[in-house]
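The file entry-v7.pdb comes next; it holds PDB, C-alpha atoms.
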ATOM      1  CA  MET A   1     -14.474  36.136  26.109
ATOM      2  CA  HIS A   2     -13.004  39.132  27.896
ATOM      3  CA  VAL A   3     -15.136  42.196  28.276
ATOM      4  CA  ALA A   4     -13.197  45.462  28.171
ATOM      5  CA  GLY A   5     -12.457  46.638  31.687
ATOM      6  CA  LYS A   6     -13.624  43.360  33.178
ATOM      7  CA  ILE A   7     -11.339  40.489  33.897
ATOM      8  CA  SER A   8     -12.770  37.026  33.596
ATOM      9  CA  ARG A   9     -13.465  35.210  36.828
ATOM     10  CA  GLU A  10     -11.298  32.312  35.659
ATOM     11  CA  ASP A  11      -8.385  34.724  35.124
ATOM     12  CA  ILE A  12      -8.790  36.081  38.631
ATOM     13  CA  LEU A  13      -9.102  32.592  40.071
ATOM     14  CA  THR A  14      -5.968  31.557  38.178
ATOM     15  CA  GLU A  15      -4.139  34.554  39.615
ATOM     16  CA  LEU A  16      -5.287  33.753  43.145
ATOM     17  CA  PHE A  17      -4.163  30.158  42.819
ATOM     18  CA  ASN A  18      -0.887  31.259  41.287
ATOM     19  CA  ILE A  19      -0.186  33.413  44.332
ATOM     20  CA  GLY A  20      -0.821  30.374  46.532
ATOM     21  CA  VAL A  21       1.306  28.103  44.352
ATOM     22  CA  GLY A  22       4.092  30.716  44.292
ATOM     23  CA  GLN A  23       4.036  30.831  48.074
ATOM     24  CA  ALA A  24       4.012  27.062  48.214
ATOM     25  CA  ALA A  25       7.101  26.989  45.974
ATOM     26  CA  SER A  26       8.818  29.540  48.178
ATOM     27  CA  THR A  27       7.926  27.458  51.235
ATOM     28  CA  LEU A  28       9.304  24.306  49.604
ATOM     29  CA  SER A  29      12.431  26.198  48.674
ATOM     30  CA  ASP A  30      12.881  27.120  52.356
ATOM     31  CA  ILE A  31      12.475  23.492  53.406
ATOM     32  CA  ILE A  32      14.983  22.045  50.972
ATOM     33  CA  ASP A  33      17.199  25.131  51.072
ATOM     34  CA  LYS A  34      17.484  25.207  47.283
ATOM     35  CA  GLN A  35      16.051  27.368  44.568
ATOM     36  CA  ILE A  36      12.931  26.010  42.921
ATOM     37  CA  GLY A  37      11.995  26.929  39.372
ATOM     38  CA  LEU A  38       8.270  26.925  38.862
ATOM     39  CA  THR A  39       6.243  26.853  35.704
ATOM     40  CA  ILE A  40       3.241  29.034  36.326
ATOM     41  CA  PRO A  41       0.179  26.886  35.934
ATOM     42  CA  SER A  42      -3.146  27.816  34.456
ATOM     43  CA  VAL A  43      -6.253  26.823  36.307
ATOM     44  CA  ARG A  44      -8.903  24.886  34.469
ATOM     45  CA  ILE A  45     -12.399  24.561  35.812
ATOM     46  CA  LEU A  46     -14.012  21.485  34.345
ATOM     47  CA  ASN A  47     -17.002  19.364  35.015
ATOM     48  CA  ALA A  48     -16.125  16.059  36.615
ATOM     49  CA  GLU A  49     -16.231  14.030  33.398
ATOM     50  CA  LYS A  50     -13.966  16.376  31.420
ATOM     51  CA  GLY A  51     -11.706  16.650  34.452
ATOM     52  CA  LYS A  52     -11.258  12.907  34.449
ATOM     53  CA  ILE A  53     -10.215  12.892  30.782
ATOM     54  CA  GLU A  54      -7.585  15.608  31.333
ATOM     55  CA  LEU A  55      -6.259  13.957  34.452
ATOM     56  CA  ASN A  56      -5.965  10.574  32.787
ATOM     57  CA  LYS A  57      -3.832  12.222  30.069
ATOM     58  CA  TYR A  58      -1.468  13.526  32.746
ATOM     59  CA  LEU A  59      -1.322  10.188  34.525
ATOM     60  CA  LYS A  60      -0.441   8.405  31.269
ATOM     61  CA  GLN A  61       2.077  10.907  29.951
ATOM     62  CA  VAL A  62       3.944  12.081  33.016
ATOM     63  CA  ALA A  63       3.528   9.657  35.813
ATOM     64  CA  GLU A  64       3.005   6.457  33.841
ATOM     65  CA  GLY A  65       0.302   5.649  36.299
ATOM     66  CA  ALA A  66       2.414   5.556  39.485
ATOM     67  CA  VAL A  67       1.829   8.571  41.667
ATOM     68  CA  MET A  68       2.378   9.670  45.208
ATOM     69  CA  VAL A  69      -0.699  11.481  46.399
ATOM     70  CA  SER A  70      -1.047  13.821  49.321
ATOM     71  CA  SER A  71      -4.576  14.959  50.001
ATOM     72  CA  ILE A  72      -6.658  16.959  52.432
ATOM     73  CA  SER A  73     -10.412  17.401  52.525
ATOM     74  CA  PHE A  74     -11.997  20.605  53.667
ATOM     75  CA  ASP A  75     -15.470  21.567  54.777
ATOM     76  CA  SER A  76     -17.357  24.297  56.623
ATOM     77  CA  GLN A  77     -18.612  26.869  54.088
ATOM     78  CA  LEU A  78     -16.416  25.497  51.283
ATOM     79  CA  GLU A  79     -16.525  21.761  50.707
ATOM     80  CA  GLY A  80     -14.076  19.759  48.716
ATOM     81  CA  LYS A  81     -10.887  17.767  48.557
ATOM     82  CA  VAL A  82      -7.448  18.793  47.328
ATOM     83  CA  SER A  83      -4.980  16.227  46.020
ATOM     84  CA  LEU A  84      -1.358  16.870  45.150
ATOM     85  CA  LEU A  85      -0.079  14.347  42.656
ATOM     86  CA  PHE A  86       3.587  13.701  42.033
ATOM     87  CA  PRO A  87       5.225  11.091  39.842
ATOM     88  CA  ALA A  88       6.251   8.437  42.346
ATOM     89  CA  ASP A  89       9.583   7.696  40.648
ATOM     90  CA  LYS A  90      10.870  11.209  41.444
ATOM     91  CA  MET A  91       9.897  11.177  45.076
ATOM     92  CA  HIS A  92      12.919   9.455  46.611
ATOM     93  CA  HIS A  93      15.104  12.265  45.332
ATOM     94  CA  PHE A  94      12.632  14.890  46.499
ATOM     95  CA  ILE A  95      12.358  13.328  49.977
ATOM     96  CA  ASP A  96      16.162  13.218  50.219
ATOM     97  CA  LEU A  97      16.202  16.947  49.459
ATOM     98  CA  CYS A  98      13.581  17.619  52.132
ATOM     99  CA  LEU A  99      15.474  15.621  54.736
ATOM    100  CA  HIS A 100      18.819  17.067  53.604
ATOM    101  CA  GLU A 101      20.110  13.579  52.995
ATOM    102  CA  THR A 102      22.019  12.186  50.033
ATOM    103  CA  HIS A 103      22.142   8.677  48.683
ATOM    104  CA  ASP A 104      24.796   7.541  46.224
ATOM    105  CA  GLU A 105      22.335   6.056  43.801
ATOM    106  CA  THR A 106      18.996   7.479  42.925
ATOM    107  CA  GLU A 107      16.361   5.016  43.885
ATOM    108  CA  TYR A 108      13.486   4.528  41.494
ATOM    109  CA  SER A 109      11.614   1.925  43.495
ATOM    110  CA  LEU A 110       8.102   2.507  44.694
ATOM    111  CA  ASP A 111       8.944   1.330  48.208
ATOM    112  CA  PHE A 112       8.632   4.100  50.736
ATOM    113  CA  THR A 113       9.316   4.074  54.458
ATOM    114  CA  ASP A 114       7.132   5.536  57.199
ATOM    115  CA  ILE A 115       9.531   8.484  57.354
ATOM    116  CA  ASP A 116       9.079   9.046  53.591
ATOM    117  CA  PHE A 117       5.298   9.046  53.974
ATOM    118  CA  ASP A 118       5.444  11.300  57.018
ATOM    119  CA  THR A 119       7.646  13.761  55.142
ATOM    120  CA  ILE A 120       5.398  13.931  52.081
ATOM    121  CA  LYS A 121       2.310  14.168  54.284
ATOM    122  CA  GLU A 122       3.727  17.199  56.065
ATOM    123  CA  ILE A 123       5.025  18.822  52.875
ATOM    124  CA  GLY A 124       1.618  18.259  51.278
ATOM    125  CA  ASN A 125      -0.028  19.779  54.331
ATOM    126  CA  ILE A 126       2.110  22.904  54.095
ATOM    127  CA  VAL A 127       1.647  23.250  50.321
ATOM    128  CA  ILE A 128      -2.132  22.712  50.416
ATOM    129  CA  ASN A 129      -2.456  25.153  53.313
ATOM    130  CA  SER A 130      -0.572  27.751  51.254
ATOM    131  CA  ILE A 131      -2.856  27.323  48.271
ATOM    132  CA  ILE A 132      -6.262  26.914  49.921
ATOM    133  CA  GLY A 133      -5.485  29.138  52.921
ATOM    134  CA  GLU A 134      -4.482  32.092  50.762
ATOM    135  CA  LEU A 135      -7.588  31.676  48.635
ATOM    136  CA  SER A 136      -9.704  31.475  51.792
ATOM    137  CA  ASN A 137      -8.107  34.672  53.116
ATOM    138  CA  THR A 138      -8.664  36.533  49.849
ATOM    139  CA  VAL A 139     -12.321  35.634  49.419
ATOM    140  CA  ASN A 140     -12.862  35.697  53.180
ATOM    141  CA  ILE A 141     -14.488  32.277  53.346
ATOM    142  CA  PRO A 142     -13.162  30.024  56.124
ATOM    143  CA  VAL A 143     -12.312  26.358  55.623
ATOM    144  CA  GLU A 144     -11.751  23.545  58.078
ATOM    145  CA  TYR A 145      -9.293  20.837  57.107
ATOM    146  CA  THR A 146      -9.329  17.128  57.770
ATOM    147  CA  LEU A 147      -6.090  15.324  58.563
ATOM    148  CA  PRO A 148      -3.783  14.954  55.551
ATOM    149  CA  GLU A 149      -3.464  11.565  53.900
ATOM    150  CA  VAL A 150      -0.704  10.210  51.709
ATOM    151  CA  ASP A 151      -0.621   7.190  49.466
ATOM    152  CA  VAL A 152       1.258   5.639  46.571
ATOM    153  CA  LEU A 153      -0.906   4.399  43.743
ATOM    154  CA  ASN A 154       0.209   2.139  40.927
ATOM    155  CA  ASN A 155      -1.768   2.410  37.719
ATOM    156  CA  ALA A 156      -3.707   5.304  39.141
ATOM    157  CA  SER A 157      -6.641   6.565  37.182
ATOM    158  CA  ALA A 158      -8.625   9.767  37.469
ATOM    159  CA  ASP A 159     -11.402   7.867  39.249
ATOM    160  CA  HIS A 160      -9.183   7.905  42.355
ATOM    161  CA  PHE A 161      -9.262  11.693  42.528
ATOM    162  CA  VAL A 162     -12.419  12.868  40.865
ATOM    163  CA  ASP A 163     -15.611  12.037  42.679
ATOM    164  CA  THR A 164     -18.572  12.530  40.367
ATOM    165  CA  GLU A 165     -21.093  11.716  43.110
ATOM    166  CA  ASP A 166     -20.367  14.312  45.766
ATOM    167  CA  TYR A 167     -18.402  16.879  43.821
ATOM    168  CA  ARG A 168     -19.495  18.229  40.508
ATOM    169  CA  LEU A 169     -16.561  20.370  39.482
ATOM    170  CA  VAL A 170     -12.840  19.911  39.229
ATOM    171  CA  LEU A 171     -10.212  22.616  39.343
ATOM    172  CA  MET A 172      -6.979  21.374  37.888
ATOM    173  CA  MET A 173      -3.519  22.815  37.723
ATOM    174  CA  PHE A 174      -0.572  21.143  36.102
ATOM    175  CA  LEU A 175       2.708  22.522  37.294
ATOM    176  CA  ALA A 176       6.362  21.694  36.956
ATOM    177  CA  PHE A 177       8.945  22.278  39.658
ATOM    178  CA  ASP A 178      12.575  22.308  38.678
ATOM    179  CA  ILE A 179      14.964  21.535  41.487
ATOM    180  CA  GLU A 180      18.609  21.521  40.430
ATOM    181  CA  GLY A 181      17.790  20.103  37.018
ATOM    182  CA  THR A 182      15.330  17.526  38.276
ATOM    183  CA  GLU A 183      11.924  18.320  36.912
ATOM    184  CA  ILE A 184       8.949  17.171  38.911
ATOM    185  CA  ALA A 185       5.733  17.475  36.939
ATOM    186  CA  GLY A 186       2.903  17.532  39.420
ATOM    187  CA  ALA A 187      -0.789  18.125  39.375
ATOM    188  CA  ILE A 188      -3.140  19.728  41.822
ATOM    189  CA  VAL A 189      -6.699  18.484  41.677
ATOM    190  CA  ILE A 190      -9.403  20.227  43.635
ATOM    191  CA  ASN A 191     -12.783  18.545  43.782
ATOM    192  CA  MET A 192     -15.373  21.018  44.818
ATOM    193  CA  THR A 193     -19.113  21.230  45.177
ATOM    194  CA  LEU A 194     -20.892  23.493  42.736
ATOM    195  CA  ASN A 195     -22.052  25.690  45.622
ATOM    196  CA  SER A 196     -18.506  26.124  46.894
ATOM    197  CA  LEU A 197     -17.183  27.276  43.535
ATOM    198  CA  ASP A 198     -20.188  29.584  43.130
ATOM    199  CA  ASP A 199     -19.436  31.121  46.521
ATOM    200  CA  ILE A 200     -15.819  31.736  45.524
ATOM    201  CA  LEU A 201     -16.676  33.172  42.097
ATOM    202  CA  ASN A 202     -19.395  35.419  43.533
ATOM    203  CA  LYS A 203     -16.957  36.762  46.127
ATOM    204  CA  ILE A 204     -14.421  37.351  43.353
ATOM    205  CA  ASP A 205     -17.036  39.282  41.376
ATOM    206  CA  ARG A 206     -17.801  41.474  44.357
ATOM    207  CA  LEU A 207     -14.161  42.041  45.202
ATOM    208  CA  TYR A 208     -12.746  42.626  41.743
ATOM    209  CA  ASN A 209     -15.530  43.386  39.326
ATOM    210  CA  GLY A 210     -17.771  45.449  41.593
ATOM    211  CA  ARG A 211     -20.852  43.342  40.875
TER     212      ARG A 211
ATOM    213  CA  MET B   1      17.095  23.496  82.684
ATOM    214  CA  THR B   2      14.138  24.611  80.553
ATOM    215  CA  LYS B   3      11.747  21.907  79.439
ATOM    216  CA  VAL B   4      10.062  22.279  76.031
ATOM    217  CA  LEU B   5       7.235  19.995  74.898
ATOM    218  CA  ILE B   6       6.877  19.718  71.111
ATOM    219  CA  VAL B   7       3.427  18.444  70.085
ATOM    220  CA  ASP B   8       3.260  17.580  66.382
ATOM    221  CA  ASP B   9       1.939  14.533  64.556
ATOM    222  CA  SER B  10       4.691  14.813  61.957
ATOM    223  CA  LYS B  11       8.061  13.352  62.921
ATOM    224  CA  PHE B  12       9.508  15.398  60.066
ATOM    225  CA  SER B  13       8.299  18.621  61.689
ATOM    226  CA  GLN B  14       9.346  17.458  65.160
ATOM    227  CA  LYS B  15      12.848  16.880  63.818
ATOM    228  CA  ILE B  16      13.053  20.305  62.132
ATOM    229  CA  THR B  17      11.757  22.118  65.227
ATOM    230  CA  TYR B  18      14.129  20.253  67.514
ATOM    231  CA  SER B  19      17.146  20.792  65.220
ATOM    232  CA  PHE B  20      16.590  24.538  64.871
ATOM    233  CA  LEU B  21      15.874  25.218  68.533
ATOM    234  CA  ASN B  22      18.741  23.053  69.670
ATOM    235  CA  GLN B  23      21.059  25.344  67.676
ATOM    236  CA  TYR B  24      19.860  28.507  69.377
ATOM    237  CA  LEU B  25      19.112  27.403  72.936
ATOM    238  CA  GLU B  26      21.267  25.974  75.676
ATOM    239  CA  ASP B  27      20.283  23.982  78.704
ATOM    240  CA  ILE B  28      17.066  22.709  77.142
ATOM    241  CA  GLU B  29      15.324  19.399  77.565
ATOM    242  CA  PHE B  30      12.930  18.395  74.787
ATOM    243  CA  VAL B  31       9.865  16.206  75.246
ATOM    244  CA  PHE B  32       7.823  15.031  72.245
ATOM    245  CA  ALA B  33       4.189  14.086  71.664
ATOM    246  CA  GLY B  34       2.687  12.786  68.392
ATOM    247  CA  ASP B  35      -0.915  13.958  68.800
ATOM    248  CA  GLY B  36      -3.051  16.240  70.940
ATOM    249  CA  GLU B  37      -4.064  13.572  73.441
ATOM    250  CA  GLU B  38      -0.477  12.528  74.037
ATOM    251  CA  GLY B  39       0.399  16.218  74.256
ATOM    252  CA  LEU B  40      -2.091  16.676  77.104
ATOM    253  CA  HIS B  41      -0.764  13.599  78.868
ATOM    254  CA  LYS B  42       2.854  14.767  78.521
ATOM    255  CA  PHE B  43       1.876  18.265  79.691
ATOM    256  CA  ASN B  44       0.472  16.816  82.924
ATOM    257  CA  GLU B  45       3.311  14.353  83.338
ATOM    258  CA  ALA B  46       6.385  16.380  82.339
ATOM    259  CA  LYS B  47       5.171  19.839  83.411
ATOM    260  CA  PRO B  48       7.009  21.631  80.595
ATOM    261  CA  ASP B  49       7.986  25.289  80.807
ATOM    262  CA  TYR B  50       6.940  25.812  77.166
ATOM    263  CA  MET B  51       4.785  23.981  74.651
ATOM    264  CA  ILE B  52       5.142  24.232  70.876
ATOM    265  CA  VAL B  53       1.856  23.043  69.413
ATOM    266  CA  ASP B  54       0.710  22.145  65.893
ATOM    267  CA  LEU B  55      -3.000  22.666  65.155
ATOM    268  CA  LEU B  56      -4.116  19.988  62.695
ATOM    269  CA  MET B  57      -3.524  16.778  64.654
ATOM    270  CA  PRO B  58      -5.330  13.476  65.236
ATOM    271  CA  LYS B  59      -7.228  12.610  68.428
ATOM    272  CA  LEU B  60      -7.215  16.148  69.824
ATOM    273  CA  ARG B  61      -6.798  19.265  67.674
ATOM    274  CA  GLY B  62      -4.221  21.808  68.720
ATOM    275  CA  GLN B  63      -6.968  24.342  69.514
ATOM    276  CA  ASP B  64      -8.658  21.851  71.868
ATOM    277  CA  LEU B  65      -5.346  20.915  73.453
ATOM    278  CA  ILE B  66      -4.573  24.580  74.162
ATOM    279  CA  GLU B  67      -8.020  25.067  75.683
ATOM    280  CA  LYS B  68      -7.572  22.063  77.992
ATOM    281  CA  VAL B  69      -4.057  23.088  78.963
ATOM    282  CA  LYS B  70      -5.216  26.622  79.759
ATOM    283  CA  GLN B  71      -7.977  25.185  81.956
ATOM    284  CA  ILE B  72      -5.312  23.350  83.942
ATOM    285  CA  ASP B  73      -2.859  26.255  84.038
ATOM    286  CA  ARG B  74      -3.966  29.677  82.833
ATOM    287  CA  GLU B  75      -0.343  30.779  82.685
ATOM    288  CA  ALA B  76       0.798  27.845  80.483
ATOM    289  CA  LYS B  77       3.234  29.140  77.875
ATOM    290  CA  VAL B  78       2.143  27.980  74.432
ATOM    291  CA  ILE B  79       3.661  28.761  71.054
ATOM    292  CA  VAL B  80       1.681  27.650  67.996
ATOM    293  CA  LEU B  81       3.554  26.329  64.967
ATOM    294  CA  SER B  82       1.085  25.563  62.187
ATOM    295  CA  ALA B  83       0.812  25.391  58.398
ATOM    296  CA  ASP B  84      -2.628  27.026  58.580
ATOM    297  CA  VAL B  85      -2.295  30.495  57.055
ATOM    298  CA  GLN B  86      -5.941  31.516  57.451
ATOM    299  CA  ASN B  87      -6.300  34.891  59.161
ATOM    300  CA  ARG B  88      -9.416  33.809  61.033
ATOM    301  CA  VAL B  89      -7.713  30.782  62.536
ATOM    302  CA  ARG B  90      -4.837  32.991  63.699
ATOM    303  CA  GLU B  91      -7.259  35.493  65.266
ATOM    304  CA  VAL B  92      -9.140  32.790  67.183
ATOM    305  CA  VAL B  93      -5.991  31.065  68.418
ATOM    306  CA  GLU B  94      -4.278  34.309  69.414
ATOM    307  CA  LYS B  95      -7.279  35.129  71.609
ATOM    308  CA  MET B  96      -6.591  31.904  73.525
ATOM    309  CA  GLY B  97      -3.597  33.562  75.107
ATOM    310  CA  VAL B  98      -0.740  31.968  73.178
ATOM    311  CA  LEU B  99       2.673  33.621  73.198
ATOM    312  CA  SER B 100       3.074  33.506  69.437
ATOM    313  CA  PHE B 101       1.528  32.031  66.273
ATOM    314  CA  ILE B 102       4.157  31.035  63.743
ATOM    315  CA  ASN B 103       3.552  29.527  60.311
ATOM    316  CA  LYS B 104       5.383  26.458  59.105
ATOM    317  CA  PRO B 105       7.878  25.767  57.762
ATOM    318  CA  LEU B 106      10.277  26.816  60.445
ATOM    319  CA  ASP B 107      13.309  28.714  59.183
ATOM    320  CA  GLU B 108      16.214  30.400  60.937
ATOM    321  CA  LYS B 109      14.376  33.668  61.481
ATOM    322  CA  LYS B 110      11.285  32.034  62.940
ATOM    323  CA  ALA B 111      13.391  29.671  65.053
ATOM    324  CA  ARG B 112      15.280  32.641  66.495
ATOM    325  CA  GLU B 113      11.934  34.260  67.342
ATOM    326  CA  ILE B 114      10.888  31.156  69.292
ATOM    327  CA  ALA B 115      14.334  30.859  70.873
ATOM    328  CA  ASN B 116      14.128  34.471  72.015
ATOM    329  CA  ILE B 117      10.749  33.888  73.653
ATOM    330  CA  ILE B 118      12.008  30.785  75.441
ATOM    331  CA  GLY B 119      15.449  32.250  76.216
ATOM    332  CA  ASN B 120      14.019  35.465  77.666
ATOM    333  CA  GLY B 121      11.509  33.497  79.733
ATOM    334  CA  ALA B 122      14.209  31.210  81.055
ATOM    335  CA  ARG B 123      16.427  34.158  82.037
ATOM    336  CA  GLY B 124      13.486  35.807  83.802
ATOM    337  CA  ARG B 125      12.798  32.800  86.007
TER     338      ARG B 125
END
Could the structure of this file be written out as structure tokens, please?
Amino acid sequence: MHVAGKISREDILTELFNIGVGQAASTLSDIIDKQIGLTIPSVRILNAEKGKIELNKYLKQVAEGAVMVSSISFDSQLEGKVSLLFPADKMHHFIDLCLHETHDETEYSLDFTDIDFDTIKEIGNIVINSIIGELSNTVNIPVEYTLPEVDVLNNASADHFVDTEDYRLVLMMFLAFDIEGTEIAGAIVINMTLNSLDDILNKIDRLYNGR
Amino acid sequence: MTKVLIVDDSKFSQKITYSFLNQYLEDIEFVFAGDGEEGLHKFNEAKPDYMIVDLLMPKLRGQDLIEKVKQIDREAKVIVLSADVQNRVREVVEKMGVLSFINKPLDEKKAREIANIIGNGARGR
């Protein structure tokens, strides 16, 4: 419930992530040299079990279980792992756009070359840096990244992305990019320790709500 | 001829950096390395005039590579090209004596900035 004059911490967090996602979209637009339409996502903070249920819905409805995943872990004061999920069947077209290449027929196979993986790994790196880096700058909490990883998963389930052992909370954003009529419905899943989210929310309180 | 060493673990980024700079610079030889360790090896071997260095790389991070290179040659000319947008990372790296810290992705404006640094340096030699 909103208190007059006070904005909820989730609203502020959503806004901060939206700034990062907006920058990520602008960055992607620079790379592919085309305009990208972006549906502004809402951020949901869920416990790991609820997060899994929501994510499984996405995997069933949008990606039919086959996703390309680009992920980076981060530690230092904030600890967690960010995964970008894209429906694998759209990725050949997206990679072609990134490499400024065209193929006569759109390929729907789940076979990807080393160049495809390298491209998505680097794009994921840039996008995740935009989102987490901007948040880190705003709340003034540094993060250190591990090397990005990329994988294609058939029949993926939420268990791949949500670790109930080490991380207790899941921040999820579902977002849709529209590139020249091709809609790519992706998801961003951030697994975070309870302490890390507390640190962020406390900083937000101090910065925006004067607590 | 000016020699530029591009150190980046992403072939995709190597290609973009090479393509942009090749448009704006003449008389340039490019050398490539796919991680920090290889970057250090190529620095010693090829003796480049300029290095363009990514930060998040396997084997040796960009920050550690820059430190080692600066120990070998305090005047080594290093330009950082990284996706890391954190202000603190920029502050730390800029104190290491790099010529410029530029955020990925490279675009025409940023490429011209790098080309100007390299072009002006080459003309001054």
How close does chain A get to chain B? List, as a Markdown table, each residue of chain A within 9 Å, its nearest atom pair and the distance in Å to one decimal, counting all atoms listed in the file.
| residue | atom | partner | partner_atom | distance |
| --- | --- | --- | --- | --- |
| A:Thr27 | CA | B:Pro105 | CA | 6.7 |
| A:Leu28 | CA | B:Pro105 | CA | 8.4 |
| A:Asp30 | CA | B:Asp107 | CA | 7.0 |
| A:Ile31 | CA | B:Pro105 | CA | 6.7 |
| A:Leu99 | CA | B:Phe12 | CA | 8.0 |
| A:Ile115 | CA | B:Phe12 | CA | 7.4 |
| A:Asp118 | CA | B:Ser10 | CA | 6.1 |
| A:Thr119 | CA | B:Phe12 | CA | 5.5 |
| A:Lys121 | CA | B:Ser10 | CA | 8.1 |
| A:Glu122 | CA | B:Ser10 | CA | 6.4 |
| A:Ile123 | CA | B:Pro105 | CA | 9.0 |
| A:Asn125 | CA | B:Ala83 | CA | 7.0 |
| A:Ile126 | CA | B:Ala83 | CA | 5.1 |
| A:Val127 | CA | B:Ala83 | CA | 8.4 |
| A:Ile128 | CA | B:Ala83 | CA | 8.9 |
| A:Asn129 | CA | B:Asp84 | CA | 5.6 |
| A:Ser130 | CA | B:Val85 | CA | 6.6 |
| A:Ile132 | CA | B:Gln86 | CA | 8.8 |
| A:Gly133 | CA | B:Gln86 | CA | 5.1 |
| A:Glu134 | CA | B:Val85 | CA | 6.9 |
| A:Leu135 | CA | B:Gln86 | CA | 9.0 |
| A:Ser136 | CA | B:Gln86 | CA | 6.8 |
| A:Asn137 | CA | B:Gln86 | CA | 5.8 |
| A:Asn140 | CA | B:Arg88 | CA | 8.8 |
| A:Pro142 | CA | B:Arg88 | CA | 7.2 |
| A:Val143 | CA | B:Gln86 | CA | 8.4 |
| A:Tyr145 | CA | B:Leu56 | CA | 7.7 |
| A:Thr146 | CA | B:Leu56 | CA | 7.7 |
| A:Leu147 | CA | B:Leu56 | CA | 6.5 |
| A:Pro148 | CA | B:Leu56 | CA | 8.7 |
Computed gap from atom CA of Ile131 of chain A to atom CA of Leu5 of chain B is 29.4 Å
Quick one: everything within 9 Å of Leu153 of chain A, counting only C-alpha atoms, minus sequence neighbours fewer than 3 positions away in the same chain. Send it as a list of chain:residue names. A:Gly65, A:Ala66, A:Val67, A:Met68, A:Val69, A:Ala88, A:Ala156, A:Ser157
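When the PyMOL selection byres ((chain A and resi 203) around 12) is evaluated on the file shown here, the picked residues come out as Arg9, Ile12, Leu13, Leu135, Ser136, Asn137, Thr138, Val139, Asn140, Ile141, Ser196, Leu197, Asp198, Asp199, Ile200, Leu201, Asn202, Ile204, Asp205, Arg206, Leu207, Tyr208, Asn209, Gly210 and Arg211 of chain A.
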For Asn44 of chain B, find every residue with an atom within 12 Å (counting all atoms listed in the file), except residues of its own chain fewer than 2 positions away, and show them as a ChimeraX atom specification. /B:5,37-42,46-49,51,65,68-73,76
Given the file shown, determine the residues that the PyMOL selection byres ((chain A and resi 178) around 12) selects; report them as a VMD selection string. chain A and resid 25 28 to 29 34 to 40 90 94 175 to 177 179 to 186
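Atom CA of Ile53 of chain A to atom CA of Lys81 of chain A spans 18.4 Å [interatomic distance, one decimal].
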Counting only C-alpha atoms, figure out which residue out of B:Tyr50, B:Glu26, B:Gln63, B:Thr17 gets nearest to Glu91 of chain B. B:Gln63
Just checking: using all atoms listed in the file, which residue out of A:Pro87, A:Gly51, A:Gly124, A:Gly80 ends up closest to Glu144 of chain A? A:Gly80
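Once the PyMOL selection byres ((chain B and resi 23) around 10) is applied to this file, the selection holds Tyr18, Ser19, Phe20, Leu21, Asn22, Tyr24, Leu25, Glu26, Glu108, Ala111, Arg112 and Ala115 of chain B.
Here atom CA of Leu194 of chain A is placed at a distance of 5.9 Å from atom CA of Arg168 of chain A.
Residue nearest Val170 of chain A within the list A:Thr113, A:Thr14, A:Ser8, A:Asn191: A:Asn191 [criterion: smallest interatomic distance, all atoms listed in the file].
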